[in-house]
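Okay, structure first, notes after.
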Amino acid sequence: MIKTEAEYKKAVLKVQEERKRIESEFDRLKSQGVPQELIHLAIDPLASFTMQLEEEIHFYEDIKRGIFPELSNLSGIGRLLIALRINRNIQQKDLAMKLGVSEAQVSRDERNEYHGASIEKVRQVLEALDGNLVSEIVTKIRA
C-alpha cells in the first residue's frame, strides 16, 4: 500500500519504466521471431507486477480525492484507517501525538494494517482523524 507522496511518485516512475521495459522486451522477442503465445508467457509476469502497482497508484489517488472503498463485515478497516490518515494529510508522528502513543506504535499498526485492533482502538483512530464510520446491518430474508 502506498502511504506517502514520495512512495506515490516513486511508484508512478516505476510503472513508466516497467511499461517501457515490457514494450522493449516485446519488440525484441517479436523481432527474433518468437511466437506471440511465448512472448506473452515471458512478459505476463512483468505486466502482472505493473498492473498491481497501477492498482495501488489508483487506490492512492482515490483516497487523496476522498473516494474510499466500501467495507463488508469490517474487512479492510485497517486499510481504510490508513487511507483516512493519508487523505487528511496527517503524518504518522502527528497521529501518534493525537493518540498519545509512539510513532513506532502507529508505524507497527499500519504495517500490520491494524490487524487484531479492538473496536475501541479503531474508534480512537477514527476520532483522531476526524473520521466517522457509518455501518449498516443487512440481513438475508429467510423463507
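Here's how to read the names in the C-alpha cells: chain A, B, ... by the order shown, residue numbers from 1 in each chain, ligand numbers from 1 in the order shown.
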Query raised in the report: Could you name the residues that touch A:Asp109 at 12 Å or less, counting only C-alpha atoms, but leaving out those on the same chain fewer than 5 positions away, as a list of chain:residue names?
Result: A:Ile77, A:Gly78, A:Arg79, A:Leu81, A:Ile82, A:Gln92, A:Leu95, A:Ala96, A:Val101, A:Ser102, A:Glu103, A:Ala104, A:Tyr114, A:His115, A:Gly116, A:Ala117, A:Ser118, A:Lys121, A:Val122, A:Val125
Find the residues near A:Glu136: any atom within 12 Å, counting only C-alpha atoms, skip ones fewer than 6 places away on the same chain, and give them as a PDB file with all heavy atoms, in the first residue's frame.
ATOM      1  N   GLU A  70     -15.887   0.617  -0.010  1.00  0.00           N
ATOM      2  CA  GLU A  70     -16.878   0.133   0.954  1.00  0.00           C
ATOM      3  C   GLU A  70     -16.280  -1.036   1.721  1.00  0.00           C
ATOM      4  O   GLU A  70     -15.433  -1.753   1.214  1.00  0.00           O
ATOM      5  CB  GLU A  70     -18.142  -0.341   0.229  1.00  0.00           C
ATOM      6  CG  GLU A  70     -18.991   0.786  -0.280  1.00  0.00           C
ATOM      7  CD  GLU A  70     -20.329   0.296  -0.831  1.00  0.00           C
ATOM      8  OE1 GLU A  70     -20.725  -0.845  -0.521  1.00  0.00           O
ATOM      9  OE2 GLU A  70     -20.958   1.054  -1.567  1.00  0.00           O
ATOM     10  N   LEU A  71     -16.754  -1.204   2.938  1.00  0.00           N
ATOM     11  CA  LEU A  71     -16.316  -2.330   3.759  1.00  0.00           C
ATOM     12  C   LEU A  71     -17.441  -3.344   3.861  1.00  0.00           C
ATOM     13  O   LEU A  71     -18.611  -2.983   3.830  1.00  0.00           O
ATOM     14  CB  LEU A  71     -15.994  -1.861   5.186  1.00  0.00           C
ATOM     15  CG  LEU A  71     -14.843  -0.910   5.365  1.00  0.00           C
ATOM     16  CD1 LEU A  71     -14.703  -0.553   6.841  1.00  0.00           C
ATOM     17  CD2 LEU A  71     -13.557  -1.513   4.864  1.00  0.00           C
ATOM     18  N   SER A  72     -17.055  -4.589   4.027  1.00  0.00           N
ATOM     19  CA  SER A  72     -18.031  -5.635   4.274  1.00  0.00           C
ATOM     20  C   SER A  72     -17.588  -6.378   5.526  1.00  0.00           C
ATOM     21  O   SER A  72     -16.480  -6.929   5.564  1.00  0.00           O
ATOM     22  CB  SER A  72     -18.108  -6.588   3.079  1.00  0.00           C
ATOM     23  OG  SER A  72     -19.030  -7.614   3.329  1.00  0.00           O
ATOM     24  N   ASN A  73     -18.427  -6.367   6.553  1.00  0.00           N
ATOM     25  CA  ASN A  73     -18.124  -7.018   7.829  1.00  0.00           C
ATOM     26  C   ASN A  73     -16.792  -6.555   8.418  1.00  0.00           C
ATOM     27  O   ASN A  73     -16.034  -7.344   8.969  1.00  0.00           O
ATOM     28  CB  ASN A  73     -18.148  -8.540   7.681  1.00  0.00           C
ATOM     29  CG  ASN A  73     -19.531  -9.042   7.368  1.00  0.00           C
ATOM     30  OD1 ASN A  73     -20.526  -8.427   7.753  1.00  0.00           O
ATOM     31  ND2 ASN A  73     -19.624 -10.144   6.653  1.00  0.00           N
ATOM     32  N   LEU A  74     -16.507  -5.287   8.259  1.00  0.00           N
ATOM     33  CA  LEU A  74     -15.301  -4.622   8.762  1.00  0.00           C
ATOM     34  C   LEU A  74     -14.008  -5.141   8.134  1.00  0.00           C
ATOM     35  O   LEU A  74     -12.919  -4.774   8.568  1.00  0.00           O
ATOM     36  CB  LEU A  74     -15.219  -4.688  10.292  1.00  0.00           C
ATOM     37  CG  LEU A  74     -16.353  -3.994  11.033  1.00  0.00           C
ATOM     38  CD1 LEU A  74     -16.158  -4.127  12.539  1.00  0.00           C
ATOM     39  CD2 LEU A  74     -16.466  -2.532  10.639  1.00  0.00           C
TER      40      LEU A  74
END
Query raised in the report: Using only C-alpha atoms, which residues sit within 8 Å of stretch 21-29 of chain A once same-chain residues fewer than 6 positions away are excluded, as number ranges by chain?
Result: A: 39, 43, 46-47
Report task. Output as a PyMOL selection string all residues of stretch 44-122 of chain A that backbone DSSP marks as helix (DSSP H, G or I). Result -> chain A and resi 44-64+77-87+92-99+103-111+119-122
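Among the candidate residues A:Asn89, A:Glu17, A:Ala143, A:Gly100, the one lying nearest to A:Gln124 is A:Gly100, with distances computed using only C-alpha atoms.
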Requested in this report: Would you mind telling me which residue in A:Leu99, A:Ile2, A:Leu13, A:Leu84 lies nearest to A:Arg111 when using only C-alpha atoms?
Outcome: A:Ile2
Query - Among the residues A:Ile57, A:Glu18, A:Val138, A:Pro35, the one that comes closest to A:Lys3 [using only C-alpha atoms] - result: A:Ile57
